[in-house]
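Asker: Provided herewith: input.cif, mmCIF, C-alpha atoms.
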```
data_structure
#
loop_
_atom_site.group_PDB
_atom_site.id
_atom_site.type_symbol
_atom_site.label_atom_id
_atom_site.label_comp_id
_atom_site.auth_asym_id
_atom_site.auth_seq_id
_atom_site.Cartn_x
_atom_site.Cartn_y
_atom_site.Cartn_z
ATOM 1 C CA MET A 1042 14.643 17.160 28.635
ATOM 2 C CA PRO A 1043 12.490 20.246 28.149
ATOM 3 C CA GLU A 1044 8.851 19.822 27.187
ATOM 4 C CA LEU A 1045 8.736 20.127 23.385
ATOM 5 C CA ILE A 1046 5.721 21.217 21.403
ATOM 6 C CA ALA A 1047 4.604 18.581 18.903
ATOM 7 C CA LYS A 1048 3.580 20.174 15.621
ATOM 8 C CA THR A 1049 1.872 18.509 12.692
ATOM 9 C CA ALA A 1050 3.755 18.572 9.383
ATOM 10 C CA LEU A 1051 1.676 21.405 7.937
ATOM 11 C CA ALA A 1052 0.933 23.299 11.146
ATOM 12 C CA GLY A 1053 -0.584 26.678 10.292
ATOM 13 C CA GLN A 1054 -1.667 25.611 6.816
ATOM 14 C CA ALA A 1055 -5.150 27.000 6.119
ATOM 15 C CA PRO A 1056 -7.644 24.642 4.421
ATOM 16 C CA ALA A 1057 -8.078 25.113 0.663
ATOM 17 C CA THR A 1058 -11.576 25.007 -0.806
ATOM 18 C CA HIS A 1059 -12.291 24.784 -4.534
ATOM 19 C CA ALA A 1060 -15.787 24.184 -5.944
ATOM 20 C CA GLY A 1061 -17.099 23.104 -2.556
ATOM 21 C CA THR A 1062 -14.347 20.527 -2.052
ATOM 22 C CA THR A 1063 -11.988 21.102 0.855
ATOM 23 C CA LEU A 1064 -8.407 19.990 1.362
ATOM 24 C CA ALA A 1065 -7.245 20.322 4.955
ATOM 25 C CA GLU A 1066 -4.710 18.877 7.301
ATOM 26 C CA ALA A 1067 -6.001 16.567 10.030
ATOM 27 C CA ASP A 1068 -4.386 15.491 13.259
ATOM 28 C CA LEU A 1069 -4.995 11.836 14.070
ATOM 29 C CA GLY A 1070 -3.058 11.824 17.318
ATOM 30 C CA PRO A 1071 -0.832 8.842 18.074
ATOM 31 C CA VAL A 1072 -0.252 6.337 15.270
ATOM 32 C CA THR A 1073 1.336 2.932 15.895
ATOM 33 C CA SER A 1074 2.216 0.365 13.278
ATOM 34 C CA ILE A 1075 1.343 -3.131 14.510
ATOM 35 C CA ALA A 1076 2.979 -6.015 12.607
ATOM 36 C CA CYS A 1077 1.731 -9.332 13.996
ATOM 37 C CA PHE A 1078 4.236 -12.101 14.563
ATOM 38 C CA PRO A 1079 3.358 -15.283 12.620
ATOM 39 C CA GLY A 1080 0.102 -16.813 13.869
ATOM 40 C CA GLN A 1081 -0.505 -14.104 16.496
ATOM 41 C CA GLN A 1082 -3.184 -12.073 14.734
ATOM 42 C CA LYS A 1083 -6.043 -13.363 16.929
ATOM 43 C CA ALA A 1084 -4.101 -12.768 20.137
ATOM 44 C CA VAL A 1085 -3.336 -9.218 18.977
ATOM 45 C CA ALA A 1086 -7.034 -8.625 18.247
ATOM 46 C CA THR A 1087 -7.956 -9.897 21.714
ATOM 47 C CA THR A 1088 -5.450 -7.589 23.399
ATOM 48 C CA LEU A 1089 -6.642 -4.644 21.333
ATOM 49 C CA GLY A 1090 -10.255 -5.509 22.178
ATOM 50 C CA GLN A 1091 -11.420 -5.332 18.567
ATOM 51 C CA PRO A 1092 -11.180 -7.517 15.465
ATOM 52 C CA PHE A 1093 -8.080 -7.230 13.302
ATOM 53 C CA PRO A 1094 -9.150 -5.387 10.139
ATOM 54 C CA ALA A 1095 -9.705 -7.394 6.955
ATOM 55 C CA PRO A 1096 -7.557 -6.346 3.983
ATOM 56 C CA ASN A 1097 -8.581 -2.978 2.531
ATOM 57 C CA THR A 1098 -10.753 -1.970 5.483
ATOM 58 C CA HIS A 1099 -10.529 0.165 8.604
ATOM 59 C CA ALA A 1100 -12.712 0.371 11.689
ATOM 60 C CA LYS A 1101 -12.571 2.040 15.100
ATOM 61 C CA GLY A 1102 -9.111 3.501 14.642
ATOM 62 C CA LEU A 1103 -7.520 0.341 13.287
ATOM 63 C CA CYS A 1104 -6.527 0.453 9.620
ATOM 64 C CA TRP A 1105 -5.180 -2.448 7.540
ATOM 65 C CA THR A 1106 -1.819 -1.520 6.019
ATOM 66 C CA GLY A 1107 -0.504 -4.851 4.751
ATOM 67 C CA PRO A 1108 -0.445 -8.583 5.407
ATOM 68 C CA ASP A 1109 -0.800 -9.104 9.195
ATOM 69 C CA GLN A 1110 -0.144 -5.410 9.653
ATOM 70 C CA ALA A 1111 -2.279 -2.470 10.739
ATOM 71 C CA PHE A 1112 -2.076 1.120 11.996
ATOM 72 C CA LEU A 1113 -3.581 1.813 15.393
ATOM 73 C CA ILE A 1114 -4.772 5.404 15.240
ATOM 74 C CA GLY A 1115 -5.883 7.817 17.923
ATOM 75 C CA ARG A 1116 -4.781 5.901 21.009
ATOM 76 C CA THR A 1117 -1.526 4.510 22.331
ATOM 77 C CA ALA A 1118 -0.900 0.823 21.757
ATOM 78 C CA PRO A 1119 -1.305 -1.650 24.632
ATOM 79 C CA ASP A 1120 1.587 -3.929 25.548
ATOM 80 C CA LEU A 1121 1.900 -6.428 22.687
ATOM 81 C CA THR A 1122 5.226 -7.931 23.698
ATOM 82 C CA GLY A 1123 5.637 -11.329 22.061
ATOM 83 C CA LEU A 1124 2.584 -10.833 19.857
ATOM 84 C CA ALA A 1125 3.526 -8.092 17.422
ATOM 85 C CA ALA A 1126 6.215 -5.625 16.454
ATOM 86 C CA CYS A 1127 4.939 -2.164 17.364
ATOM 87 C CA THR A 1128 6.505 0.950 15.919
ATOM 88 C CA ASP A 1129 5.493 4.445 16.957
ATOM 89 C CA GLN A 1130 4.621 6.306 13.767
ATOM 90 C CA SER A 1131 3.141 9.428 15.399
ATOM 91 C CA GLY A 1132 4.496 12.482 13.650
ATOM 92 C CA GLY A 1133 6.007 10.316 10.913
ATOM 93 C CA TRP A 1134 3.022 10.770 8.661
ATOM 94 C CA VAL A 1135 0.970 13.711 7.569
ATOM 95 C CA THR A 1136 -2.790 13.312 7.312
ATOM 96 C CA LEU A 1137 -4.807 15.218 4.759
ATOM 97 C CA ARG A 1138 -8.580 15.338 4.515
ATOM 98 C CA LEU A 1139 -10.304 15.722 1.193
ATOM 99 C CA ASP A 1140 -14.060 16.159 1.388
ATOM 100 C CA GLY A 1141 -16.655 17.338 -1.091
ATOM 101 C CA PRO A 1142 -18.266 16.623 -4.452
ATOM 102 C CA LEU A 1143 -15.001 16.683 -6.437
ATOM 103 C CA ALA A 1144 -12.909 14.726 -3.925
ATOM 104 C CA ALA A 1145 -12.942 11.363 -5.713
ATOM 105 C CA GLU A 1146 -12.434 12.913 -9.141
ATOM 106 C CA ALA A 1147 -9.480 15.037 -8.019
ATOM 107 C CA LEU A 1148 -7.825 12.192 -6.143
ATOM 108 C CA MET A 1149 -8.232 9.810 -9.091
ATOM 109 C CA ARG A 1150 -5.888 12.049 -11.090
ATOM 110 C CA LEU A 1151 -3.124 10.875 -8.758
ATOM 111 C CA VAL A 1152 -4.289 7.465 -7.523
ATOM 112 C CA PRO A 1153 -4.816 4.538 -9.938
ATOM 113 C CA LEU A 1154 -7.988 3.276 -8.230
ATOM 114 C CA ASP A 1155 -11.686 3.692 -8.975
ATOM 115 C CA LEU A 1156 -12.481 5.952 -6.043
ATOM 116 C CA HIS A 1157 -16.112 6.515 -7.043
ATOM 117 C CA LYS A 1158 -16.640 2.987 -5.686
ATOM 118 C CA PHE A 1159 -14.643 3.647 -2.512
ATOM 119 C CA THR A 1160 -17.088 3.514 0.399
ATOM 120 C CA PRO A 1161 -16.778 4.521 4.073
ATOM 121 C CA GLY A 1162 -14.859 1.867 5.972
ATOM 122 C CA GLN A 1163 -12.697 1.006 2.990
ATOM 123 C CA ALA A 1164 -8.939 1.510 3.054
ATOM 124 C CA ALA A 1165 -6.119 0.937 0.566
ATOM 125 C CA ARG A 1166 -2.378 0.942 0.194
ATOM 126 C CA ALA A 1167 -1.840 2.678 -3.110
ATOM 127 C CA PRO A 1168 0.484 5.217 -4.704
ATOM 128 C CA LEU A 1169 -0.301 8.944 -4.668
ATOM 129 C CA GLY A 1170 1.770 9.967 -7.668
ATOM 130 C CA HIS A 1171 5.043 8.318 -6.694
ATOM 131 C CA MET A 1172 4.394 8.541 -2.958
ATOM 132 C CA GLN A 1173 3.478 5.679 -0.650
ATOM 133 C CA MET A 1174 -0.003 6.282 0.733
ATOM 134 C CA VAL A 1175 -2.494 4.862 3.190
ATOM 135 C CA LEU A 1176 -5.965 5.856 2.036
ATOM 136 C CA MET A 1177 -9.092 5.642 4.158
ATOM 137 C CA ALA A 1178 -12.676 6.629 3.473
ATOM 138 C CA ASP A 1179 -15.120 7.622 6.201
ATOM 139 C CA ALA A 1180 -18.595 9.160 6.179
ATOM 140 C CA GLN A 1181 -17.079 12.611 5.680
ATOM 141 C CA GLY A 1182 -14.663 11.880 2.827
ATOM 142 C CA PHE A 1183 -11.097 10.740 2.262
ATOM 143 C CA LEU A 1184 -8.250 10.542 4.750
ATOM 144 C CA ILE A 1185 -4.863 10.502 3.034
ATOM 145 C CA LEU A 1186 -1.704 9.508 4.907
ATOM 146 C CA VAL A 1187 1.724 10.058 3.340
ATOM 147 C CA PHE A 1188 5.212 10.291 4.808
ATOM 148 C CA ARG A 1189 5.771 13.535 6.714
ATOM 149 C CA SER A 1190 8.707 14.508 4.503
ATOM 150 C CA MET A 1191 6.325 14.595 1.535
ATOM 151 C CA ALA A 1192 3.616 16.695 3.184
ATOM 152 C CA ARG A 1193 4.075 19.806 1.049
ATOM 153 C CA THR A 1194 4.475 17.782 -2.155
ATOM 154 C CA ALA A 1195 1.270 15.863 -1.445
ATOM 155 C CA TRP A 1196 -0.581 19.077 -0.619
ATOM 156 C CA HIS A 1197 0.657 20.740 -3.802
ATOM 157 C CA GLU A 1198 -0.206 17.734 -6.011
ATOM 158 C CA ILE A 1199 -3.703 17.314 -4.577
ATOM 159 C CA GLU A 1200 -4.543 21.021 -4.600
ATOM 160 C CA THR A 1201 -3.328 21.324 -8.218
ATOM 161 C CA ALA A 1202 -5.532 18.366 -9.233
ATOM 162 C CA LEU A 1203 -8.451 19.816 -7.298
ATOM 163 C CA LYS A 1204 -8.048 23.239 -8.946
ATOM 164 C CA ALA A 1205 -8.033 21.601 -12.399
ATOM 165 C CA CYS A 1206 -11.189 19.622 -11.612
ATOM 166 C CA ALA A 1207 -12.860 22.750 -10.222
ATOM 167 C CA ALA A 1208 -11.936 24.693 -13.381
ATOM 168 C CA ARG A 1209 -13.481 21.975 -15.576
ATOM 169 C CA ALA A 1210 -16.613 21.945 -13.418
ATOM 170 C CA ALA A 1211 -16.932 25.721 -13.839
ATOM 171 C CA LEU A 1212 -16.979 25.549 -17.668
ATOM 172 C CA MET B 228 -1.461 -4.072 -17.839
ATOM 173 C CA ARG B 229 -3.037 -4.975 -14.498
ATOM 174 C CA LEU B 230 -2.080 -7.573 -11.935
ATOM 175 C CA ASN B 231 -4.652 -9.016 -9.579
ATOM 176 C CA CYS B 232 -3.085 -8.764 -6.121
ATOM 177 C CA PRO B 233 -4.726 -11.447 -3.949
ATOM 178 C CA LEU B 234 -4.943 -8.913 -1.098
ATOM 179 C CA CYS B 235 -5.487 -5.548 -2.797
ATOM 180 C CA GLY B 236 -7.446 -6.560 -5.906
ATOM 181 C CA PRO B 237 -6.696 -5.576 -9.513
ATOM 182 C CA ARG B 238 -3.942 -2.967 -9.554
ATOM 183 C CA ASP B 239 -2.044 -1.003 -12.147
ATOM 184 C CA ARG B 240 1.327 -2.236 -13.363
ATOM 185 C CA ARG B 241 3.082 0.898 -12.034
ATOM 186 C CA GLU B 242 2.483 -0.297 -8.462
ATOM 187 C CA PHE B 243 4.682 -3.357 -9.039
ATOM 188 C CA TYR B 244 8.390 -3.997 -9.246
ATOM 189 C CA TYR B 245 9.451 -6.798 -11.587
ATOM 190 C CA SER B 246 12.006 -9.153 -10.111
ATOM 191 C CA GLY B 247 12.403 -11.994 -12.599
ATOM 192 C CA SER B 248 11.900 -15.682 -13.118
ATOM 193 C CA GLU B 249 10.377 -17.949 -10.474
ATOM 194 C CA ASP B 250 13.702 -19.865 -10.653
ATOM 195 C CA LEU B 251 14.788 -17.560 -7.828
ATOM 196 C CA LEU B 252 12.349 -19.368 -5.493
ATOM 197 C CA ASN B 253 13.918 -22.740 -6.190
ATOM 198 C CA ARG B 254 17.258 -22.592 -4.454
ATOM 199 C CA PRO B 255 19.359 -25.742 -4.636
ATOM 200 C CA ALA B 256 20.460 -27.314 -1.374
ATOM 201 C CA ALA B 257 23.548 -25.726 0.182
ATOM 202 C CA ASP B 258 25.644 -28.770 -0.775
ATOM 203 C CA ALA B 259 24.261 -28.985 -4.328
ATOM 204 C CA THR B 260 26.629 -29.176 -7.261
ATOM 205 C CA VAL B 261 28.163 -26.146 -8.875
ATOM 206 C CA GLU B 262 26.106 -26.940 -11.977
ATOM 207 C CA ALA B 263 22.833 -26.751 -10.003
ATOM 208 C CA TRP B 264 23.804 -23.360 -8.551
ATOM 209 C CA ASN B 265 24.935 -22.156 -11.948
ATOM 210 C CA ASP B 266 21.576 -23.145 -13.451
ATOM 211 C CA MET B 267 19.622 -21.346 -10.743
ATOM 212 C CA LEU B 268 21.690 -18.196 -10.942
ATOM 213 C CA HIS B 269 22.289 -17.867 -14.660
ATOM 214 C CA LEU B 270 20.148 -20.130 -16.836
ATOM 215 C CA ARG B 271 16.879 -18.531 -17.873
ATOM 216 C CA LEU B 272 14.331 -19.595 -20.429
ATOM 217 C CA ASN B 273 12.845 -16.898 -22.580
ATOM 218 C CA PRO B 274 9.580 -18.548 -23.578
ATOM 219 C CA ALA B 275 7.176 -17.278 -26.211
ATOM 220 C CA GLY B 276 4.101 -18.250 -24.243
ATOM 221 C CA VAL B 277 3.349 -19.028 -20.620
ATOM 222 C CA THR B 278 5.952 -17.863 -18.116
ATOM 223 C CA ARG B 279 6.013 -17.541 -14.340
ATOM 224 C CA ASP B 280 7.799 -14.711 -12.621
ATOM 225 C CA LEU B 281 8.049 -12.711 -9.424
ATOM 226 C CA TRP B 282 6.584 -9.267 -8.905
ATOM 227 C CA TYR B 283 6.705 -7.121 -5.772
ATOM 228 C CA HIS B 284 3.672 -5.029 -4.837
ATOM 229 C CA GLU B 285 5.851 -2.066 -4.081
ATOM 230 C CA THR B 286 3.401 0.790 -3.563
ATOM 231 C CA GLY B 287 0.660 -1.504 -2.279
ATOM 232 C CA CYS B 288 0.618 -4.177 0.401
ATOM 233 C CA GLY B 289 4.282 -5.192 0.029
ATOM 234 C CA SER B 290 3.576 -8.782 -0.999
ATOM 235 C CA TRP B 291 5.734 -10.828 -3.347
ATOM 236 C CA LEU B 292 3.544 -12.309 -6.076
ATOM 237 C CA LEU B 293 4.088 -15.276 -8.346
ATOM 238 C CA VAL B 294 2.483 -14.295 -11.630
ATOM 239 C CA THR B 295 1.653 -16.707 -14.447
ATOM 240 C CA ARG B 296 1.333 -14.813 -17.699
ATOM 241 C CA ASN B 297 1.533 -15.302 -21.422
ATOM 242 C CA THR B 298 4.252 -13.306 -23.164
ATOM 243 C CA VAL B 299 2.536 -13.694 -26.551
ATOM 244 C CA THR B 300 -1.034 -12.688 -25.693
ATOM 245 C CA HIS B 301 -0.169 -10.599 -22.596
ATOM 246 C CA GLU B 302 -2.825 -12.480 -20.638
ATOM 247 C CA ILE B 303 -2.383 -12.683 -16.887
ATOM 248 C CA LEU B 304 -3.360 -16.261 -16.125
ATOM 249 C CA ALA B 305 -2.869 -16.426 -12.350
ATOM 250 C CA THR B 306 -1.448 -14.467 -9.432
ATOM 251 C CA GLU B 307 -0.532 -15.932 -6.096
ATOM 252 C CA ARG B 308 1.205 -14.611 -2.985
ATOM 253 C CA VAL B 309 4.565 -16.282 -2.444
ATOM 254 C CA ALA B 310 3.858 -16.224 1.316
ATOM 255 C CA ASP B 311 0.658 -18.256 0.787
ATOM 256 C CA ARG B 312 2.417 -21.076 -1.051
ATOM 257 C CA LYS B 313 2.840 -24.446 0.629
ATOM 258 C CA GLY B 314 6.043 -24.599 2.604
ATOM 259 C CA ALA B 315 6.512 -20.831 2.686
ATOM 260 C CA ALA B 316 7.957 -19.582 5.954
#
```
Now, as a test, write the supplied structure out as structure tokens.
Answerer:
Amino acid sequence: MPELIAKTALAGQAPATHAGTTLAEADLGPVTSIACFPGQQKAVATTLGQPFPAPNTHAKGLCWTGPDQAFLIGRTAPDLTGLAACTDQSGGWVTLRLDGPLAAEALMRLVPLDLHKFTPGQAARAPLGHMQMVLMADAQGFLILVFRSMARTAWHEIETALKACAARAAL
Amino acid sequence: MRLNCPLCGPRDRREFYYSGSEDLLNRPAADATVEAWNDMLHLRLNPAGVTRDLWYHETGCGSWLLVTRNTVTHEILATERVADRKGAA
């Protein structure tokens, strides 16, 4: 097997900035979905060396994505045989960053949540238009994960919303 | 219309898929009579008032919810995860 070059979904895409708010692609590195077997959540947390995230939160590269389920981001998963079902999701998702004063307003055109109240450390499973999304907030802004196949659609939808918000702000 | 997902909090109706009556949770025993199976599969009440039905949090956490609501006033009276109910697997 030759050594293949891993590319992100939007490799080469330049960041887009409108009214001081920037949309850019991010690379989170390896992503693993961890679905705990019944009653094994504590054992999984012990093996991972960090608490299992509470619903709607993320911390230290571990993001809640559903009941007894989380994404481990940025490092490869330890051996969780017998404790959880682990699925390599690296490259299966595209990650977009949206930072700046209009970020929440632009994203709220597509996401039915009150994102003005969304604080760093919070996470959510919510729709982005009709797309499945994992949303995280950190000190810098929003991290938006959608399926890789929808990368260009998500980019287009968010940039269009951002442009509209920027145009309103310029009035 | 909003449903209060016990995990995700209050969410918009568009995030949910409607499945139908809670009758679907109450399967008769495998050796039950044909009448009992017929009732479970086909007989549905259509109440003007409080009803209980199943909703799937499709673009959220993926939980099945048992929702108690009033078809006359559109009030949502209670939401509960099916997985959290007593005896759930």
Asker: I need the output of the PyMOL selection byres ((chain A and resi 1067-1081) around 6) for this file as an MDAnalysis selection string; which residues are they?
Answerer: chainID A and resid 1066 1082:1084 1109:1116 1124:1131 1136:1137
Asker: Once the PyMOL selection byres ((chain B) within 7 of (chain A)) has been applied to the shown file, what residues remain in the selection, as JSON, numbers by chain?
Answerer: {"B": [234, 235, 239, 242, 286, 287, 288, 289]}
Asker: Given the point (2.9, 13.6, 11.7) in the coordinates of this file, which residues lie within 6 Å, counting all atoms listed in the file, and how would they look as a PyMOL selection string?
Answerer: chain A and resi 1049-1050+1131-1135+1189
Asker: For the provided coordinates, the residues matched by the PyMOL selection byres ((chain B and resi 228) around 9) should be stated as a short mmCIF file (atom, residue, chain, number, x, y, z; two decimals) with C-alpha atoms, in the coordinates of the input.
Answerer:
```cif
data_model
loop_
_atom_site.label_atom_id
_atom_site.label_comp_id
_atom_site.auth_asym_id
_atom_site.auth_seq_id
_atom_site.Cartn_x
_atom_site.Cartn_y
_atom_site.Cartn_z
CA ARG B 229 -3.04 -4.97 -14.50
CA LEU B 230 -2.08 -7.57 -11.94
CA ARG B 238 -3.94 -2.97 -9.55
CA ASP B 239 -2.04 -1.00 -12.15
CA ARG B 240 1.33 -2.24 -13.36
CA ARG B 241 3.08 0.90 -12.03
CA HIS B 301 -0.17 -10.60 -22.60
CA GLU B 302 -2.82 -12.48 -20.64
CA ILE B 303 -2.38 -12.68 -16.89
#
```
Asker: Atom CA of Glu249 of chain B and atom CA of Thr300 of chain B are how many Å apart?
Answerer: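 We find that atom CA of Glu249 of chain B and atom CA of Thr300 of chain B lie 19.7 Å from each other.
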Asker: For segment 1197-1202 of chain A, take all atoms listed in the file, fit an axis-aligned box around them, add 6 Å to each of the six sides, then output centre and edge lengths in Å rounded to one decimal, as AutoDock Vina command-line options.
Answerer:
```
--center_x -2.4 --center_y 19.3 --center_z -6.5 --size_x 18.2 --size_y 16.0 --size_z 17.4
```
Asker: Tell me which protein, DNA and RNA residues are within 7 Å of Trp282 of chain B, counting all atoms listed in the file, leaving out same-chain ones fewer than 6 positions away, and put them as an MDAnalysis selection string.
Answerer: chainID B and resid 243:246 291:293
Asker: Using only C-alpha atoms, give me every residue within 8 Å of (-8.7, 0.0, 15.4) in file coordinates, as a list in words.
Answerer: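 All residues meeting the 8 Å criterion around (-8.7, 0.0, 15.4) are Leu1089, Gln1091, Pro1092, Phe1093, Pro1094, His1099, Ala1100, Lys1101, Gly1102, Leu1103, Cys1104, Phe1112, Leu1113 and Ile1114 of chain A.
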Asker: Please report the interatomic distance between atom CA of Gly1182 of chain A and atom CA of Ala1144 of chain A in Å with one decimal.
Answerer: 7.5 Å
Asker: Please determine, counting only C-alpha atoms, which residue among A:Pro1119, A:Pro1056, A:Gly1061, A:Gly1162 has the shortest atom-to-atom distance to Thr1098 of chain A.
Answerer: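 Going through A:Pro1119, A:Pro1056, A:Gly1061, A:Gly1162 one by one, the smallest distance to Thr1098 of chain A is for A:Gly1162.
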